[in-house]
Amino acid sequence: MANVIYGSDIAKQVKKDLRLRIMKLKNEQKRLPKLVVVLVGEHPASVSYVKGKEKACHEIGMENDLILLPATTSEDELLQIIHQLNTDTKVDGILVQLPLPAHMDEHVILHAIDPKKDVDGFHPVNVGKMLLQEPTFLSCTPKGIIRMLEEIGMTDLSGKQAVVLGRSNIVGKPVAQLLLNHNATVTICHSKTEDIKSITKRADILVVSVGKARLVKRDWVKPGAVVIDVGINRDDQNKLCGDVDFANVSEVAGYITPVPKGVGPMTIAMLLENTLQSYEQREH
Ligand code: GUN
């Protein structure tokens with residue numbers, strides 16, 4: 001049976017460390033790091049993610065603002081708010097929750113965020129720096145996945161075959177790039193890939209981010225592989241589940257992440273870490 005990698009436990013440790021660093025700033029009567037989250041509309045999953053981020057800030061003593069805007073907000077209004085946050089010296093991190101309403105151009109919005117406050121790592125400047133392995137903000141979910149691999153002793157991925165299912169800008173593409181930066185041999189599969197199973201079966205590390213409940217079964221997985229499940233879905237019984245059939249794949253994998261308590265908590269912990277990184281860069 002596979003070892004379960006509890007992201008929730010690793011995230012707890014990361015948050016404990018961040019909390020101590022913030023307590024120290026408090027004791028020294030310094031300005032405290034601040035994250036501002038902007039949510040446009042009431043996309044149900046987004047509302048729940050944003051609440052999770054707010055709670056996590058609270059837990060570690062980080063300042064935070066949540067700006068809730070109606071779905072009818074115009075692109076210009078949002079751009080104006082972003083501009084104010086860019087120039088506010090008390091704000092270290094700006095996160096605009098995705099997806100945005102259809103009348104907004106995601107690219108225009110993400111371009112408008114000051115790259116120095118882009119704690120999501122979605123600005124093209126930061127994406128480019130990640131590609132070139134220059135210091136930057138790494139996107140939270142990919143960064144959290146790499147941290148989980150490090151936690152099980154997989155730091156140098158030389159000689160390892162990594163397969164990523166999904167090619168989104170938020171997860172698939174950046175996680176593939178980070179795995180490559182760590183010397184893995186990387187294959188990306190997506191909806192147009194033929195015979196996906198023959199490719200996933202070769203993977204020493206399999207990262208799944210496709211948004212299809214329990215898609216990956218045990219016959220997709222190489223015995224002993226590390227399986228990282230990024231999916232958050234509801235099944236027919238409205239039960240939370242990942243993109244990987246956990247019970248089934250656990251029988252063959254070496255390591256597996258659960259849903260919930262897997263990648264999700266790591267994403268939030270990395271967001272907090274990036275915000276403290278921004279604070280430290282801006283204060284020095
Ligand atoms: N929507 C789903 N995941 C994310 C994320 O990591 N950041 C933002 N801004 N929106 C998201």
# chains A, B, ... in the order shown; residues from 1 in each chain; ligands from 1

call {"tool": "residues_around", "arguments": {"residues": "range 74-90 of chain A", "least_positions_apart": "4", "cutoff": "8 Å", "atoms": "only C-alpha atoms", "output": "ChimeraX atom specification"}}
result
/A:31,33-34,94,103-105,109,112-114,117

call {"tool": "residues_around", "arguments": {"residues": "Glu54 in chain A", "least_positions_apart": "3", "cutoff": "8 Å", "atoms": "only C-alpha atoms", "output": "PDB file with N, CA and C atoms, in the first residue's frame"}}
result
ATOM      1  N   VAL A  50     -10.997  31.439  -1.383  1.00  0.00           N
ATOM      2  CA  VAL A  50     -10.650  32.762  -0.853  1.00  0.00           C
ATOM      3  C   VAL A  50     -10.805  32.784   0.672  1.00  0.00           C
ATOM      4  N   LYS A  51     -11.833  32.104   1.150  1.00  0.00           N
ATOM      5  CA  LYS A  51     -12.028  32.023   2.606  1.00  0.00           C
ATOM      6  C   LYS A  51     -10.874  31.271   3.259  1.00  0.00           C
ATOM      7  N   CYS A  57      -4.136  33.406   6.616  1.00  0.00           N
ATOM      8  CA  CYS A  57      -3.462  34.673   6.980  1.00  0.00           C
ATOM      9  C   CYS A  57      -3.671  34.936   8.458  1.00  0.00           C
ATOM     10  N   HIS A  58      -4.895  34.750   8.897  1.00  0.00           N
ATOM     11  CA  HIS A  58      -5.258  34.987  10.283  1.00  0.00           C
ATOM     12  C   HIS A  58      -4.441  34.086  11.220  1.00  0.00           C
ATOM     13  N   ASN A  64      -4.369  40.987   6.196  1.00  0.00           N
ATOM     14  CA  ASN A  64      -4.974  40.683   4.901  1.00  0.00           C
ATOM     15  C   ASN A  64      -6.270  41.454   4.689  1.00  0.00           C
ATOM     16  N   LEU A  66      -9.702  41.422   2.029  1.00  0.00           N
ATOM     17  CA  LEU A  66     -10.426  40.705   0.996  1.00  0.00           C
ATOM     18  C   LEU A  66     -11.307  41.731   0.298  1.00  0.00           C
TER      19      LEU A  66
END

call {"tool": "residues_near_ligand", "arguments": {"ligand": "ligand 1", "cutoff": "6 Å", "atoms": "only C-alpha atoms and all ligand atoms", "output": "list in words"}}
result
Leu95, Val96, Gln97, Leu98, Asp120 and Cys140 of chain A

call {"tool": "closest_atom_pairs", "arguments": {"of": "range 26-135 of chain A", "to": "range 176-180 of chain A", "cutoff": "12 Å", "atoms": "only C-alpha atoms", "output": "CSV"}}
result
residue,atom,partner,partner_atom,distance
A:Val127,CA,A:Gln177,CA,9.9
A:Gly128,CA,A:Gln177,CA,10.7
A:Lys129,CA,A:Gln177,CA,11.3
A:Met130,CA,A:Leu178,CA,7.8
A:Leu131,CA,A:Gln177,CA,6.7
A:Leu132,CA,A:Gln177,CA,9.9
A:Gln133,CA,A:Leu178,CA,9.0

call {"tool": "write_last_selection", "arguments": {"atoms": "C-alpha atoms", "output": "compact mmCIF listing (two decimals), in the first residue's frame"}}
result
# COMPACT_ATOMS: atom_id res chain seq x y z
CA VAL A 127 6.66 33.12 -15.61
CA GLY A 128 9.67 34.04 -17.78
CA LYS A 129 11.97 34.22 -14.76
CA MET A 130 10.80 30.77 -13.62
CA LEU A 131 11.64 29.41 -17.09
CA LEU A 132 15.11 30.98 -16.95
CA GLN A 133 15.62 29.86 -13.32

call {"tool": "select_by_dssp", "arguments": {"residues": "range 27-110 of chain A", "states": "strand (DSSP E)", "output": "ChimeraX atom specification"}}
result
/A:34-40,63-69,93-96

call {"tool": "residues_around", "arguments": {"residues": "Phe122 in chain A", "least_positions_apart": "2", "cutoff": "9 Å", "atoms": "only C-alpha atoms", "output": "PyMOL selection string"}}
result
chain A and resi 110-111+115+118-120+124-127+137-139+169-170

call {"tool": "closest_residue", "arguments": {"among": "A:Glu63, A:Thr72, A:Lys30, A:Thr141", "to": "Ala269 in chain A", "atoms": "only C-alpha atoms"}}
result
A:Thr141

call {"tool": "residues_around", "arguments": {"residues": "range 195-201 of chain A", "least_positions_apart": "6", "cutoff": "8 Å", "atoms": "only C-alpha atoms", "output": "VMD selection string"}}
result
chain A and resid 163 189 219 to 222

call {"tool": "residues_around", "arguments": {"residues": "His190 in chain A", "least_positions_apart": "3", "cutoff": "9 Å", "atoms": "only C-alpha atoms", "output": "ChimeraX atom specification"}}
result
/A:164-167,193-194,196,210

call {"tool": "residues_around", "arguments": {"residues": "range 4-15 of chain A", "least_positions_apart": "4", "cutoff": "7 Å", "atoms": "only C-alpha atoms", "output": "list in words"}}
result
Arg19, Ile60, Met148, Tyr255, Ile256, Thr257, Pro258, Lys261, Gly262, Val263, Pro265, Met266 and Ala269 of chain A

call {"tool": "write_last_selection", "arguments": {"atoms": "C-alpha atoms", "output": "tab-separated table (two decimals), in the first residue's frame"}}
result
chain	number	residue	atom	x	y	z
A	19	ARG	CA	4.08	32.55	12.13
A	60	ILE	CA	-0.07	33.14	11.07
A	148	MET	CA	6.02	17.75	-1.18
A	255	TYR	CA	3.44	7.52	-2.57
A	256	ILE	CA	0.11	9.25	-3.14
A	257	THR	CA	-1.47	12.55	-2.11
A	258	PRO	CA	-5.06	12.47	-0.78
A	261	LYS	CA	-5.58	17.25	2.84
A	262	GLY	CA	-3.14	16.93	-0.07
A	263	VAL	CA	-2.05	19.59	-2.55
A	265	PRO	CA	-3.25	23.13	1.85
A	266	MET	CA	0.23	23.34	0.27
A	269	ALA	CA	1.05	27.71	2.54

call {"tool": "select_by_dssp", "arguments": {"residues": "range 6-134 of chain A", "states": "helix (DSSP H, G or I)", "output": "ChimeraX atom specification"}}
result
/A:7-27,44-60,75-87,106-112,115-117,124-132

call {"tool": "write_last_selection", "arguments": {"atoms": "C-alpha atoms", "output": "PDB file, in the first residue's frame"}}
result
ATOM      1  CA  GLY A   7       0.094  18.140   2.423  1.00  0.00           C
ATOM      2  CA  SER A   8      -1.960  19.350   5.366  1.00  0.00           C
ATOM      3  CA  ASP A   9       0.816  18.265   7.787  1.00  0.00           C
ATOM      4  CA  ILE A  10       3.623  19.799   5.713  1.00  0.00           C
ATOM      5  CA  ALA A  11       1.585  23.004   5.332  1.00  0.00           C
ATOM      6  CA  LYS A  12       1.095  23.132   9.100  1.00  0.00           C
ATOM      7  CA  GLN A  13       4.867  23.073   9.592  1.00  0.00           C
ATOM      8  CA  VAL A  14       5.410  25.775   6.944  1.00  0.00           C
ATOM      9  CA  LYS A  15       2.769  27.981   8.589  1.00  0.00           C
ATOM     10  CA  LYS A  16       4.323  27.466  12.019  1.00  0.00           C
ATOM     11  CA  ASP A  17       7.642  28.743  10.679  1.00  0.00           C
ATOM     12  CA  LEU A  18       5.987  31.728   8.950  1.00  0.00           C
ATOM     13  CA  ARG A  19       4.084  32.549  12.133  1.00  0.00           C
ATOM     14  CA  LEU A  20       7.325  32.692  14.127  1.00  0.00           C
ATOM     15  CA  ARG A  21       8.868  35.034  11.547  1.00  0.00           C
ATOM     16  CA  ILE A  22       5.820  37.323  11.733  1.00  0.00           C
ATOM     17  CA  MET A  23       5.782  37.225  15.561  1.00  0.00           C
ATOM     18  CA  LYS A  24       9.390  38.415  15.490  1.00  0.00           C
ATOM     19  CA  LEU A  25       8.441  41.369  13.269  1.00  0.00           C
ATOM     20  CA  LYS A  26       5.574  42.142  15.654  1.00  0.00           C
ATOM     21  CA  ASN A  27       7.889  42.096  18.662  1.00  0.00           C
ATOM     22  CA  PRO A  44     -18.694  28.902  -5.487  1.00  0.00           C
ATOM     23  CA  ALA A  45     -15.279  27.155  -5.518  1.00  0.00           C
ATOM     24  CA  SER A  46     -13.531  30.553  -5.587  1.00  0.00           C
ATOM     25  CA  VAL A  47     -15.500  31.777  -2.563  1.00  0.00           C
ATOM     26  CA  SER A  48     -14.350  28.730  -0.616  1.00  0.00           C
ATOM     27  CA  TYR A  49     -10.680  29.081  -1.769  1.00  0.00           C
ATOM     28  CA  VAL A  50     -10.650  32.762  -0.853  1.00  0.00           C
ATOM     29  CA  LYS A  51     -12.028  32.023   2.606  1.00  0.00           C
ATOM     30  CA  GLY A  52      -9.282  29.419   3.096  1.00  0.00           C
ATOM     31  CA  LYS A  53      -6.655  32.015   2.227  1.00  0.00           C
ATOM     32  CA  GLU A  54      -8.181  34.546   4.638  1.00  0.00           C
ATOM     33  CA  LYS A  55      -8.229  31.993   7.483  1.00  0.00           C
ATOM     34  CA  ALA A  56      -4.606  31.015   6.830  1.00  0.00           C
ATOM     35  CA  CYS A  57      -3.462  34.673   6.980  1.00  0.00           C
ATOM     36  CA  HIS A  58      -5.258  34.987  10.283  1.00  0.00           C
ATOM     37  CA  GLU A  59      -3.601  31.834  11.662  1.00  0.00           C
ATOM     38  CA  ILE A  60      -0.074  33.145  11.074  1.00  0.00           C
ATOM     39  CA  GLU A  75     -12.463  45.662 -16.399  1.00  0.00           C
ATOM     40  CA  ASP A  76     -11.516  49.334 -15.973  1.00  0.00           C
ATOM     41  CA  GLU A  77     -12.817  49.366 -12.394  1.00  0.00           C
ATOM     42  CA  LEU A  78     -10.767  46.290 -11.552  1.00  0.00           C
ATOM     43  CA  LEU A  79      -7.686  47.774 -13.235  1.00  0.00           C
ATOM     44  CA  GLN A  80      -8.094  50.904 -11.139  1.00  0.00           C
ATOM     45  CA  ILE A  81      -8.216  48.841  -7.932  1.00  0.00           C
ATOM     46  CA  ILE A  82      -5.121  46.892  -8.980  1.00  0.00           C
ATOM     47  CA  HIS A  83      -3.323  50.159  -9.679  1.00  0.00           C
ATOM     48  CA  GLN A  84      -4.147  51.423  -6.171  1.00  0.00           C
ATOM     49  CA  LEU A  85      -2.852  48.176  -4.644  1.00  0.00           C
ATOM     50  CA  ASN A  86       0.328  48.392  -6.761  1.00  0.00           C
ATOM     51  CA  THR A  87       1.131  51.818  -5.316  1.00  0.00           C
ATOM     52  CA  GLU A 106      -7.534  37.517 -17.775  1.00  0.00           C
ATOM     53  CA  HIS A 107      -4.312  38.472 -19.578  1.00  0.00           C
ATOM     54  CA  VAL A 108      -5.002  42.197 -19.266  1.00  0.00           C
ATOM     55  CA  ILE A 109      -5.680  41.819 -15.526  1.00  0.00           C
ATOM     56  CA  LEU A 110      -2.658  39.622 -14.778  1.00  0.00           C
ATOM     57  CA  HIS A 111      -0.380  41.989 -16.756  1.00  0.00           C
ATOM     58  CA  ALA A 112      -1.582  44.902 -14.601  1.00  0.00           C
ATOM     59  CA  PRO A 115       5.411  41.728 -10.790  1.00  0.00           C
ATOM     60  CA  LYS A 116       7.033  42.566  -7.436  1.00  0.00           C
ATOM     61  CA  LYS A 117       3.682  41.943  -5.707  1.00  0.00           C
ATOM     62  CA  PRO A 124       4.496  37.006 -17.690  1.00  0.00           C
ATOM     63  CA  VAL A 125       7.679  38.518 -16.214  1.00  0.00           C
ATOM     64  CA  ASN A 126       7.591  36.029 -13.341  1.00  0.00           C
ATOM     65  CA  VAL A 127       6.657  33.119 -15.609  1.00  0.00           C
ATOM     66  CA  GLY A 128       9.674  34.042 -17.778  1.00  0.00           C
ATOM     67  CA  LYS A 129      11.969  34.216 -14.758  1.00  0.00           C
ATOM     68  CA  MET A 130      10.803  30.775 -13.623  1.00  0.00           C
ATOM     69  CA  LEU A 131      11.643  29.411 -17.087  1.00  0.00           C
ATOM     70  CA  LEU A 132      15.114  30.983 -16.946  1.00  0.00           C
TER      71      LEU A 132
END

call {"tool": "decode", "arguments": {"residues": "range 141-178 of chain A", "atoms": "N, CA and C atoms", "output": "PDB file, in the first residue's frame"}}
result
ATOM      1  N   THR A 141       0.735  26.393  -6.453  1.00  0.00           N
ATOM      2  CA  THR A 141       0.479  24.945  -6.526  1.00  0.00           C
ATOM      3  C   THR A 141       1.721  24.185  -7.017  1.00  0.00           C
ATOM      4  N   PRO A 142       2.344  24.621  -8.135  1.00  0.00           N
ATOM      5  CA  PRO A 142       3.571  23.943  -8.557  1.00  0.00           C
ATOM      6  C   PRO A 142       4.664  23.962  -7.477  1.00  0.00           C
ATOM      7  N   LYS A 143       4.828  25.099  -6.829  1.00  0.00           N
ATOM      8  CA  LYS A 143       5.839  25.207  -5.770  1.00  0.00           C
ATOM      9  C   LYS A 143       5.526  24.236  -4.620  1.00  0.00           C
ATOM     10  N   GLY A 144       4.248  24.129  -4.285  1.00  0.00           N
ATOM     11  CA  GLY A 144       3.816  23.226  -3.217  1.00  0.00           C
ATOM     12  C   GLY A 144       4.067  21.767  -3.578  1.00  0.00           C
ATOM     13  N   ILE A 145       3.890  21.438  -4.856  1.00  0.00           N
ATOM     14  CA  ILE A 145       4.126  20.059  -5.317  1.00  0.00           C
ATOM     15  C   ILE A 145       5.614  19.709  -5.189  1.00  0.00           C
ATOM     16  N   ILE A 146       6.468  20.630  -5.615  1.00  0.00           N
ATOM     17  CA  ILE A 146       7.921  20.404  -5.505  1.00  0.00           C
ATOM     18  C   ILE A 146       8.305  20.257  -4.029  1.00  0.00           C
ATOM     19  N   ARG A 147       7.692  21.060  -3.158  1.00  0.00           N
ATOM     20  CA  ARG A 147       7.988  20.985  -1.720  1.00  0.00           C
ATOM     21  C   ARG A 147       7.584  19.614  -1.154  1.00  0.00           C
ATOM     22  N   MET A 148       6.461  19.082  -1.632  1.00  0.00           N
ATOM     23  CA  MET A 148       6.025  17.749  -1.183  1.00  0.00           C
ATOM     24  C   MET A 148       7.022  16.675  -1.630  1.00  0.00           C
ATOM     25  N   LEU A 149       7.531  16.806  -2.855  1.00  0.00           N
ATOM     26  CA  LEU A 149       8.523  15.838  -3.344  1.00  0.00           C
ATOM     27  C   LEU A 149       9.789  15.923  -2.502  1.00  0.00           C
ATOM     28  N   GLU A 150      10.190  17.144  -2.177  1.00  0.00           N
ATOM     29  CA  GLU A 150      11.388  17.330  -1.343  1.00  0.00           C
ATOM     30  C   GLU A 150      11.192  16.675   0.019  1.00  0.00           C
ATOM     31  N   GLU A 151       9.983  16.781   0.515  1.00  0.00           N
ATOM     32  CA  GLU A 151       9.647  16.247   1.833  1.00  0.00           C
ATOM     33  C   GLU A 151       9.825  14.722   1.891  1.00  0.00           C
ATOM     34  N   ILE A 152       9.668  14.035   0.748  1.00  0.00           N
ATOM     35  CA  ILE A 152       9.893  12.579   0.730  1.00  0.00           C
ATOM     36  C   ILE A 152      11.282  12.252   0.172  1.00  0.00           C
ATOM     37  N   GLY A 153      12.143  13.263   0.187  1.00  0.00           N
ATOM     38  CA  GLY A 153      13.547  13.035  -0.187  1.00  0.00           C
ATOM     39  C   GLY A 153      13.837  13.108  -1.674  1.00  0.00           C
ATOM     40  N   MET A 154      12.844  13.556  -2.471  1.00  0.00           N
ATOM     41  CA  MET A 154      13.081  13.653  -3.910  1.00  0.00           C
ATOM     42  C   MET A 154      13.458  15.089  -4.272  1.00  0.00           C
ATOM     43  N   THR A 155      14.732  15.418  -4.091  1.00  0.00           N
ATOM     44  CA  THR A 155      15.184  16.776  -4.382  1.00  0.00           C
ATOM     45  C   THR A 155      15.765  16.866  -5.789  1.00  0.00           C
ATOM     46  N   ASP A 156      16.718  15.980  -6.070  1.00  0.00           N
ATOM     47  CA  ASP A 156      17.264  15.951  -7.421  1.00  0.00           C
ATOM     48  C   ASP A 156      16.522  14.853  -8.188  1.00  0.00           C
ATOM     49  N   LEU A 157      15.902  15.254  -9.291  1.00  0.00           N
ATOM     50  CA  LEU A 157      15.070  14.301 -10.040  1.00  0.00           C
ATOM     51  C   LEU A 157      15.807  13.741 -11.262  1.00  0.00           C
ATOM     52  N   SER A 158      17.134  13.789 -11.239  1.00  0.00           N
ATOM     53  CA  SER A 158      17.955  13.253 -12.341  1.00  0.00           C
ATOM     54  C   SER A 158      17.574  11.807 -12.621  1.00  0.00           C
ATOM     55  N   GLY A 159      17.350  11.501 -13.881  1.00  0.00           N
ATOM     56  CA  GLY A 159      17.038  10.123 -14.272  1.00  0.00           C
ATOM     57  C   GLY A 159      15.587   9.730 -14.065  1.00  0.00           C
ATOM     58  N   LYS A 160      14.800  10.620 -13.436  1.00  0.00           N
ATOM     59  CA  LYS A 160      13.382  10.289 -13.179  1.00  0.00           C
ATOM     60  C   LYS A 160      12.507  10.721 -14.366  1.00  0.00           C
ATOM     61  N   GLN A 161      11.530   9.882 -14.655  1.00  0.00           N
ATOM     62  CA  GLN A 161      10.520  10.228 -15.664  1.00  0.00           C
ATOM     63  C   GLN A 161       9.346  10.890 -14.940  1.00  0.00           C
ATOM     64  N   ALA A 162       9.049  12.129 -15.280  1.00  0.00           N
ATOM     65  CA  ALA A 162       7.876  12.803 -14.704  1.00  0.00           C
ATOM     66  C   ALA A 162       6.838  12.985 -15.803  1.00  0.00           C
ATOM     67  N   VAL A 163       5.601  12.645 -15.493  1.00  0.00           N
ATOM     68  CA  VAL A 163       4.519  12.852 -16.460  1.00  0.00           C
ATOM     69  C   VAL A 163       3.478  13.756 -15.818  1.00  0.00           C
ATOM     70  N   VAL A 164       3.103  14.803 -16.553  1.00  0.00           N
ATOM     71  CA  VAL A 164       2.099  15.751 -16.075  1.00  0.00           C
ATOM     72  C   VAL A 164       0.857  15.587 -16.936  1.00  0.00           C
ATOM     73  N   LEU A 165      -0.281  15.341 -16.301  1.00  0.00           N
ATOM     74  CA  LEU A 165      -1.555  15.301 -17.036  1.00  0.00           C
ATOM     75  C   LEU A 165      -2.223  16.652 -16.862  1.00  0.00           C
ATOM     76  N   GLY A 166      -2.408  17.361 -17.964  1.00  0.00           N
ATOM     77  CA  GLY A 166      -3.008  18.702 -17.916  1.00  0.00           C
ATOM     78  C   GLY A 166      -1.986  19.745 -18.306  1.00  0.00           C
ATOM     79  N   ARG A 167      -2.429  20.777 -19.025  1.00  0.00           N
ATOM     80  CA  ARG A 167      -1.495  21.807 -19.518  1.00  0.00           C
ATOM     81  C   ARG A 167      -1.995  23.219 -19.232  1.00  0.00           C
ATOM     82  N   SER A 168      -2.641  23.396 -18.072  1.00  0.00           N
ATOM     83  CA  SER A 168      -3.140  24.725 -17.735  1.00  0.00           C
ATOM     84  C   SER A 168      -1.979  25.667 -17.404  1.00  0.00           C
ATOM     85  N   ASN A 169      -2.255  26.982 -17.498  1.00  0.00           N
ATOM     86  CA  ASN A 169      -1.238  27.979 -17.129  1.00  0.00           C
ATOM     87  C   ASN A 169      -1.009  27.999 -15.620  1.00  0.00           C
ATOM     88  N   ILE A 170      -2.018  27.575 -14.842  1.00  0.00           N
ATOM     89  CA  ILE A 170      -1.932  27.642 -13.384  1.00  0.00           C
ATOM     90  C   ILE A 170      -1.156  26.453 -12.813  1.00  0.00           C
ATOM     91  N   VAL A 171      -1.344  25.268 -13.400  1.00  0.00           N
ATOM     92  CA  VAL A 171      -0.703  24.075 -12.827  1.00  0.00           C
ATOM     93  C   VAL A 171       0.160  23.312 -13.852  1.00  0.00           C
ATOM     94  N   GLY A 172      -0.463  22.782 -14.885  1.00  0.00           N
ATOM     95  CA  GLY A 172       0.233  21.838 -15.785  1.00  0.00           C
ATOM     96  C   GLY A 172       1.550  22.375 -16.332  1.00  0.00           C
ATOM     97  N   LYS A 173       1.482  23.541 -17.005  1.00  0.00           N
ATOM     98  CA  LYS A 173       2.693  24.080 -17.631  1.00  0.00           C
ATOM     99  C   LYS A 173       3.754  24.459 -16.598  1.00  0.00           C
ATOM    100  N   PRO A 174       3.388  25.238 -15.551  1.00  0.00           N
ATOM    101  CA  PRO A 174       4.459  25.591 -14.596  1.00  0.00           C
ATOM    102  C   PRO A 174       5.019  24.401 -13.816  1.00  0.00           C
ATOM    103  N   VAL A 175       4.196  23.413 -13.466  1.00  0.00           N
ATOM    104  CA  VAL A 175       4.753  22.285 -12.700  1.00  0.00           C
ATOM    105  C   VAL A 175       5.696  21.472 -13.592  1.00  0.00           C
ATOM    106  N   ALA A 176       5.351  21.353 -14.875  1.00  0.00           N
ATOM    107  CA  ALA A 176       6.238  20.655 -15.818  1.00  0.00           C
ATOM    108  C   ALA A 176       7.591  21.376 -15.875  1.00  0.00           C
ATOM    109  N   GLN A 177       7.541  22.695 -15.925  1.00  0.00           N
ATOM    110  CA  GLN A 177       8.777  23.489 -15.983  1.00  0.00           C
ATOM    111  C   GLN A 177       9.616  23.318 -14.715  1.00  0.00           C
ATOM    112  N   LEU A 178       8.968  23.342 -13.550  1.00  0.00           N
ATOM    113  CA  LEU A 178       9.712  23.188 -12.285  1.00  0.00           C
ATOM    114  C   LEU A 178      10.321  21.790 -12.183  1.00  0.00           C
TER     115      LEU A 178
END
